[in-house]
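Asker: Please find model-v1.txt (compact mmCIF, C-alpha atoms and all ligand atoms) on the next line:
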```
# COMPACT_ATOMS: atom_id res chain seq x y z
CA MET Q 1 0.00 0.00 0.00
CA ALA Q 2 1.27 3.45 -0.88
CA PRO Q 3 1.98 5.74 2.06
CA PRO Q 4 -0.58 8.47 2.56
CA THR Q 5 0.37 11.73 0.96
CA ASP Q 6 0.47 14.87 3.04
CA PRO Q 7 -1.95 17.37 1.47
CA THR Q 8 -0.15 20.30 3.08
CA PRO Q 9 3.55 19.92 2.39
CA ARG Q 10 5.55 21.63 5.09
CA THR Q 11 8.41 23.94 4.39
CA HIS Q 12 11.31 23.87 6.78
CA GLN Q 13 13.06 27.15 7.31
CA ALA Q 14 16.59 26.55 8.45
CA ILE Q 15 17.58 28.66 11.43
CA ALA Q 16 20.74 30.38 10.34
CA ARG Q 17 23.17 30.36 13.22
CA PRO Q 18 26.03 32.83 13.34
CA ILE Q 19 29.57 31.53 13.20
CA ILE Q 20 31.56 32.35 16.34
CA ARG Q 21 35.28 32.88 15.84
CA SER Q 22 38.18 34.82 17.31
CA GLU Q 23 38.66 38.44 16.36
CA GLN Q 24 40.83 39.06 13.32
CA PRO Q 25 42.70 42.33 12.63
CA GLY Q 26 40.15 43.45 10.04
CA ASP Q 27 37.29 43.15 12.56
CA VAL Q 28 38.43 46.06 14.74
CA PRO Q 29 36.33 48.86 13.15
CA ALA Q 30 33.22 46.67 13.02
CA ILE Q 31 33.62 45.68 16.70
CA ARG Q 32 33.90 49.35 17.63
CA ALA Q 33 30.79 50.27 15.60
CA LEU Q 34 28.88 47.32 17.02
CA HIS Q 35 29.42 48.34 20.64
CA GLU Q 36 28.61 51.95 19.81
CA ALA Q 37 25.30 50.74 18.42
CA ALA Q 38 24.60 48.18 21.16
CA PHE Q 39 25.48 50.43 24.10
CA GLY Q 40 24.73 53.79 22.50
CA GLY Q 41 28.06 55.32 23.45
CA THR Q 42 31.81 55.14 23.26
CA VAL Q 43 32.66 53.77 26.72
CA GLU Q 44 32.50 50.06 25.88
CA PRO Q 45 34.22 50.32 22.48
CA GLY Q 46 36.88 52.45 24.16
CA ILE Q 47 37.53 49.72 26.72
CA VAL Q 48 37.97 47.07 24.03
CA ASP Q 49 40.36 49.32 22.09
CA ALA Q 50 42.32 50.20 25.24
CA LEU Q 51 42.75 46.54 26.19
CA ARG Q 52 43.93 45.34 22.80
CA GLY Q 53 47.69 44.78 22.87
CA THR Q 54 48.00 44.92 26.66
CA PRO Q 55 49.01 41.94 28.86
CA ASP Q 56 45.38 41.79 30.02
CA TRP Q 57 44.24 40.84 26.51
CA ILE Q 58 43.56 37.10 26.19
CA GLU Q 59 44.71 35.57 22.94
CA GLY Q 60 41.57 34.15 21.31
CA GLY Q 61 39.37 35.74 23.99
CA SER Q 62 37.82 38.38 21.74
CA LEU Q 63 35.02 36.50 20.01
CA VAL Q 64 32.85 37.73 17.16
CA ALA Q 65 29.58 36.44 15.74
CA ILE Q 66 29.37 36.44 11.95
CA ASP Q 67 26.01 36.10 10.24
CA PRO Q 68 25.66 33.86 7.18
CA ASP Q 69 25.76 37.03 5.07
CA GLY Q 70 29.24 37.74 6.46
CA MET Q 71 28.21 40.62 8.70
CA LEU Q 72 29.74 40.99 12.14
CA VAL Q 73 26.67 41.08 14.39
CA GLY Q 74 28.01 40.36 17.86
CA HIS Q 75 31.09 40.49 20.04
CA VAL Q 76 32.16 39.39 23.51
CA LEU Q 77 35.44 40.10 25.24
CA LEU Q 78 37.19 38.03 27.88
CA SER Q 79 40.04 39.76 29.70
CA ARG Q 80 42.44 39.07 32.51
CA GLY Q 81 41.56 40.25 35.97
CA ILE Q 82 43.07 39.68 39.39
CA LEU Q 83 41.61 38.13 42.49
CA THR Q 84 43.32 39.32 45.64
CA THR Q 85 42.96 36.38 47.98
CA GLY Q 86 45.12 37.56 50.88
CA ASP Q 87 47.33 40.43 51.96
CA THR Q 88 49.92 39.63 49.31
CA THR Q 89 48.47 36.76 47.32
CA THR Q 90 46.66 37.14 44.04
CA ARG Q 91 45.21 34.76 41.49
CA PRO Q 92 44.59 35.55 37.82
CA ILE Q 93 40.95 35.26 36.82
CA TRP Q 94 38.96 35.97 33.67
CA MET Q 95 36.39 38.72 33.35
CA LEU Q 96 33.62 38.75 30.75
CA GLY Q 97 32.47 41.91 29.02
CA PRO Q 98 31.53 43.88 27.20
CA ILE Q 99 29.11 41.74 25.19
CA GLY Q 100 26.96 43.28 22.50
CA VAL Q 101 24.75 42.31 19.58
CA LEU Q 102 23.59 44.72 16.87
CA PRO Q 103 20.19 46.07 17.96
CA ASP Q 104 18.34 44.77 14.91
CA ARG Q 105 19.90 41.29 15.31
CA GLN Q 106 19.08 40.79 18.98
CA ARG Q 107 16.83 38.04 20.40
CA ARG Q 108 17.96 35.46 17.86
CA GLY Q 109 20.35 33.57 20.09
CA THR Q 110 23.51 35.41 19.06
CA GLY Q 111 24.23 36.60 22.59
CA ALA Q 112 23.76 33.05 23.87
CA ALA Q 113 26.08 31.65 21.20
CA LEU Q 114 28.77 34.15 22.22
CA MET Q 115 28.28 33.36 25.90
CA HIS Q 116 28.58 29.62 25.33
CA ALA Q 117 31.71 30.08 23.21
CA ALA Q 118 33.30 32.27 25.91
CA ILE Q 119 32.48 29.74 28.64
CA ASP Q 120 33.80 26.87 26.49
CA LEU Q 121 37.06 28.73 25.90
CA ALA Q 122 37.56 29.41 29.61
CA THR Q 123 36.79 25.78 30.41
CA GLU Q 124 39.21 24.48 27.75
CA ARG Q 125 41.97 26.67 29.18
CA ALA Q 126 41.29 25.33 32.69
CA GLU Q 127 40.24 28.71 34.05
CA PRO Q 128 38.51 28.32 37.41
CA VAL Q 129 36.01 31.17 37.26
CA ILE Q 130 34.59 33.96 35.10
CA CYS Q 131 33.31 37.17 36.72
CA LEU Q 132 31.12 39.87 35.25
CA VAL Q 133 28.87 42.76 36.12
CA GLY Q 134 25.66 42.88 34.14
CA HIS Q 135 21.95 42.33 33.76
CA ALA Q 136 20.65 40.17 36.59
CA ASP Q 137 18.03 38.62 34.29
CA TYR Q 138 20.36 37.59 31.47
CA TYR Q 139 23.45 35.82 32.82
CA PRO Q 140 21.90 33.33 35.28
CA ARG Q 141 20.65 31.32 32.28
CA PHE Q 142 24.32 30.52 31.58
CA GLY Q 143 24.97 29.47 35.17
CA PHE Q 144 26.22 32.78 36.58
CA GLN Q 145 25.29 33.39 40.19
CA PRO Q 146 25.81 36.23 42.66
CA ALA Q 147 29.58 36.29 43.20
CA ARG Q 148 29.58 37.58 46.78
CA ALA Q 149 27.83 34.38 47.86
CA MET Q 150 30.89 32.52 46.48
CA GLY Q 151 33.24 34.77 48.42
CA ILE Q 152 34.23 36.99 45.49
CA GLU Q 153 33.85 40.69 46.24
CA PRO Q 154 33.47 43.22 43.40
CA PRO Q 155 36.05 45.90 42.57
CA ASP Q 156 33.51 48.52 43.61
CA PRO Q 157 31.81 47.74 46.93
CA GLY Q 158 28.77 49.66 45.70
CA TRP Q 159 27.89 47.07 43.05
CA SER Q 160 24.76 45.16 43.98
CA ASN Q 161 24.70 41.46 44.75
CA GLU Q 162 22.44 40.73 41.82
CA HIS Q 163 24.55 42.46 39.17
CA TRP Q 164 27.98 41.21 40.30
CA MET Q 165 28.12 37.59 39.17
CA ALA Q 166 30.50 34.70 38.71
CA LEU Q 167 30.48 31.30 37.05
CA ARG Q 168 32.40 28.47 38.65
CA LEU Q 169 34.11 26.27 36.09
CA PRO Q 170 35.38 22.71 36.55
CA ALA Q 171 38.83 23.99 37.62
CA TRP Q 172 37.32 26.06 40.44
CA THR Q 173 38.84 25.56 43.90
CA PRO Q 174 37.43 26.71 47.24
CA ASP Q 175 40.37 29.03 47.96
CA LEU Q 176 39.18 31.37 45.19
CA ARG Q 177 37.88 33.95 47.61
CA GLY Q 178 38.79 37.60 47.76
CA THR Q 179 38.34 40.85 45.89
CA ALA Q 180 38.29 40.90 42.10
CA ARG Q 181 39.77 43.62 39.96
CA TYR Q 182 39.38 44.36 36.29
CA ALA Q 183 42.28 45.30 34.05
CA PRO Q 184 43.22 49.01 34.32
CA ALA Q 185 41.60 49.71 30.93
CA PHE Q 186 38.18 49.31 32.56
CA GLY Q 187 38.82 52.20 34.91
CA VAL Q 188 37.17 50.54 37.93
C1 LIG H 201 22.42 41.50 26.12
C2 LIG H 201 22.60 41.12 24.64
C3 LIG H 201 24.07 40.93 24.34
C4 LIG H 201 21.84 39.83 24.39
O1 LIG H 201 22.02 39.47 23.04
P1 LIG H 201 20.89 38.68 22.23
O2 LIG H 201 21.50 38.18 20.98
O3 LIG H 201 19.69 39.53 22.12
O4 LIG H 201 20.60 37.50 23.24
P2 LIG H 201 19.86 36.14 22.99
O5 LIG H 201 19.13 36.17 21.68
O6 LIG H 201 20.83 35.05 23.20
O7 LIG H 201 18.88 36.12 24.20
C5 LIG H 201 17.74 36.91 24.14
C6 LIG H 201 17.17 36.91 25.53
O8 LIG H 201 17.93 37.78 26.34
C7 LIG H 201 17.06 38.70 26.97
N1 LIG H 201 17.76 39.95 27.17
C8 LIG H 201 18.34 40.71 26.24
N2 LIG H 201 18.80 41.82 26.83
C9 LIG H 201 18.50 41.72 28.14
C10 LIG H 201 18.68 42.56 29.24
N3 LIG H 201 19.24 43.75 29.13
N4 LIG H 201 18.26 42.15 30.46
C11 LIG H 201 17.66 40.96 30.57
N5 LIG H 201 17.42 40.13 29.55
C12 LIG H 201 17.85 40.52 28.34
C13 LIG H 201 15.93 38.84 26.04
O9 LIG H 201 14.78 39.29 26.73
C14 LIG H 201 15.74 37.43 25.54
O10 LIG H 201 15.03 36.69 26.52
P3 LIG H 201 14.10 35.47 26.13
O11 LIG H 201 15.01 34.44 25.53
O12 LIG H 201 13.53 35.03 27.43
O13 LIG H 201 13.13 36.02 25.15
C15 LIG H 201 22.00 42.20 23.72
O14 LIG H 201 20.66 42.42 24.12
C16 LIG H 201 22.74 43.52 23.72
O15 LIG H 201 23.68 43.72 22.96
N6 LIG H 201 22.27 44.48 24.55
C17 LIG H 201 22.85 45.82 24.55
C18 LIG H 201 24.21 45.82 25.19
C19 LIG H 201 24.15 45.23 26.58
O16 LIG H 201 23.30 45.58 27.39
N7 LIG H 201 25.11 44.32 26.85
C20 LIG H 201 25.17 43.60 28.10
C21 LIG H 201 25.66 44.47 29.18
S1 LIG H 201 25.59 43.61 30.74
```
With the file now loaded, output its structure as structure tokens.
Answerer:
Amino acid sequence: MAPPTDPTPRTHQAIARPIIRSEQPGDVPAIRALHEAAFGGTVEPGIVDALRGTPDWIEGGSLVAIDPDGMLVGHVLLSRGILTTGDTTTRPIWMLGPIGVLPDRQRRGTGAALMHAAIDLATERAEPVICLVGHADYYPRFGFQPARAMGIEPPDPGWSNEHWMALRLPAWTPDLRGTARYAPAFGV
């Protein structure tokens, strides 16, 4: 017997996912323009530019999202920070931010793709923790939790518990307690 035919053939629209890759030299102007558009100012793009070429810049830690049409639509930066764990002891840690997606390309999963790529990179490099300050409603979906509850104080004591967050990675150890600092380029 012939299989029944479907009277309403369905069309399947492929969801085009952006490619996530490391920043290349030619991406610099587009990254700057993207953050200007995403944040509506020059502070965040200025931070990325100020960090580039410093020891706080992580090789491969500046990730861009490229749409199938070749357009750079998102960017996230990982940078080196310091956790002061005692009077004279410090541990290097990674900080996440800024992250931005072009306003007319938001809510399509690009931010999530960048976040997952950043977390994967930190995990691959056996980093113990990533810290960030940001929207309390966005980052918990990636596992970030209030950092003070983990014993990690923010650079600015005025930052609220809900906005100052951290993600423990597999290499995390319980002695990672103290006060975190961003690279000088952040100005905090
Ligand atoms: C935050 C940002 C990077 C997310 O990028 P995106 O590609 O839109 O993110 P995704 O598509 O992966 O996720 C969309 C989800 O994030 C939520 N979201 C986006 N911005 C948010 C915000 N400021 N606060 C809380 N949730 C936010 C959306 O509501 C949406 O939620 P839903 O899945 O429940 O509908 C993007 O909105 C952006 O560039 N914003 C401007 C710059 C900025 O604020 N950067 C972060 C600073 S902490």
Asker: Please identify the residues whose atoms come within 6 Å of ligand LIG 201 (chain H), using all atoms listed in the file, and report them as a PDB file with C-alpha atoms, keeping the file's coordinate frame.
Answerer:
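Ended up saving to result_9.pdb:
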```pdb
ATOM      1  CA  ALA Q  38      24.600  48.180  21.160  1.00  0.00           C
ATOM      2  CA  PHE Q  39      25.480  50.430  24.100  1.00  0.00           C
ATOM      3  CA  ILE Q  99      29.110  41.740  25.190  1.00  0.00           C
ATOM      4  CA  GLY Q 100      26.960  43.280  22.500  1.00  0.00           C
ATOM      5  CA  VAL Q 101      24.750  42.310  19.580  1.00  0.00           C
ATOM      6  CA  GLN Q 106      19.080  40.790  18.980  1.00  0.00           C
ATOM      7  CA  ARG Q 107      16.830  38.040  20.400  1.00  0.00           C
ATOM      8  CA  ARG Q 108      17.960  35.460  17.860  1.00  0.00           C
ATOM      9  CA  GLY Q 109      20.350  33.570  20.090  1.00  0.00           C
ATOM     10  CA  THR Q 110      23.510  35.410  19.060  1.00  0.00           C
ATOM     11  CA  GLY Q 111      24.230  36.600  22.590  1.00  0.00           C
ATOM     12  CA  ALA Q 112      23.760  33.050  23.870  1.00  0.00           C
ATOM     13  CA  GLY Q 134      25.660  42.880  34.140  1.00  0.00           C
ATOM     14  CA  HIS Q 135      21.950  42.330  33.760  1.00  0.00           C
ATOM     15  CA  ASP Q 137      18.030  38.620  34.290  1.00  0.00           C
ATOM     16  CA  TYR Q 138      20.360  37.590  31.470  1.00  0.00           C
TER      17      TYR Q 138
END
```
Asker: Got a sec: who's within 9 Å of stretch 85-95 of chain Q, counting all atoms listed in the file, leaving out chain neighbours fewer than 5 positions off, as a VMD selection string?
Answerer: chain Q and resid 58 77 to 80 122 127 to 133 166 175 to 183
Asker: Fewer than 6 positions away in the same chain doesn't count, so skip those; otherwise give me all residues within 12 Å of Q:Ala149, counting only C-alpha atoms, as a list in words.
Answerer: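 My list of contacting residues is Ser160, Asn161, Glu162, Trp164, Met165, Ala166, Leu167, Arg168, Arg177 and Gly178 of chain Q.
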Asker: Rank Q:His116, Q:Arg17, Q:His75, Q:Arg125 by their smallest atom-to-atom distance to Q:Arg32, using all atoms listed in the file, and report the top residue only.
Answerer: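 Ranking Q:His116, Q:Arg17, Q:His75, Q:Arg125 by distance to Q:Arg32, first place goes to Q:His75.
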Asker: Which centre and which edge lengths, in Å to one decimal, describe the axis-aligned box that holds all listed atoms of stretch 115-133 of chain Q after 4 Å is added on each side, as lines of an AutoDock Vina configuration file?
Answerer:
```
center_x = 35.1
center_y = 33.6
center_z = 30.3
size_x = 21.7
size_y = 26.3
size_z = 22.2
```
Asker: Which distance in Å separates atom CA of Q:Ala50 and atom CA of Q:Met115, to one decimal?
Answerer: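 Between these atoms lies a distance of 21.9 Å.
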Asker: What is the atom CA of Q:Trp172-atom CA of Q:Ile19 distance in Å, reported with one decimal?
Answerer: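 That distance, rounded to one decimal, is 28.8 Å.
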Asker: Using Å and a single decimal, report how far atom CA of Q:Ile31 sits from atom CA of Q:Leu169.
Answerer: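 Straight-line distance from atom CA of Q:Leu169 to atom CA of Q:Ile31 works out to 27.4 Å.
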Asker: Set the distance at 10 Å and use all atoms listed in the file: which residues neighbour Q:Ile20 once local chain neighbours fewer than 6 positions away are removed? I'd like the list as a tab-separated table (two decimals) with C-alpha atoms, in the coordinates of the input.
Answerer:
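Printed below is out13.tsv as written:
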```
chain	number	residue	atom	x	y	z
Q	63	LEU	CA	35.02	36.50	20.01
Q	64	VAL	CA	32.85	37.73	17.16
Q	65	ALA	CA	29.58	36.44	15.74
Q	66	ILE	CA	29.37	36.44	11.95
Q	67	ASP	CA	26.01	36.10	10.24
Q	72	LEU	CA	29.74	40.99	12.14
Q	74	GLY	CA	28.01	40.36	17.86
Q	75	HIS	CA	31.09	40.49	20.04
Q	110	THR	CA	23.51	35.41	19.06
Q	113	ALA	CA	26.08	31.65	21.20
Q	114	LEU	CA	28.77	34.15	22.22
Q	116	HIS	CA	28.58	29.62	25.33
Q	117	ALA	CA	31.71	30.08	23.21
Q	118	ALA	CA	33.30	32.27	25.91
```
Asker: My list of candidates is Q:Val43, Q:Ala171, Q:Ile82, Q:Ala126. Which is closest to Q:Pro184 when distances are computed with all atoms listed in the file?
Answerer: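 The answer is Q:Ile82, which sits nearest to Q:Pro184.
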Asker: Which residues are near Q:His35? Cut-off 8 Å, only C-alpha atoms, ignore same chain within fewer than 5 positions. Put them as an NGL selection string.
Answerer: :Q and (40-42 or 44-45 or 100-102)
Asker: Can you work out which one of Q:Val188, Q:Ala147, Q:Pro18, Q:His163 has the shortest atom-to-atom distance to Q:Asp69, counting all atoms listed in the file?
Answerer: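 Between Q:Val188, Q:Ala147, Q:Pro18, Q:His163, the residue approaching Q:Asp69 most closely is Q:Pro18.
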Asker: Pick out the closest residue to Q:Gly61 from this set: Q:Ile47, Q:Leu83, Q:Leu121, Q:Pro103. Count all atoms listed in the file.
Answerer: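 Once distances to Q:Gly61 are computed over all atoms listed in the file, the minimum belongs to Q:Leu121.
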Asker: Rank Q:Pro170, Q:Ala185, Q:Gly53, Q:Val28 by their smallest atom-to-atom distance to Q:Glu124, using all atoms listed in the file, and report the top residue only.
Answerer: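 Closest to Q:Glu124 of all the choices is Q:Pro170.
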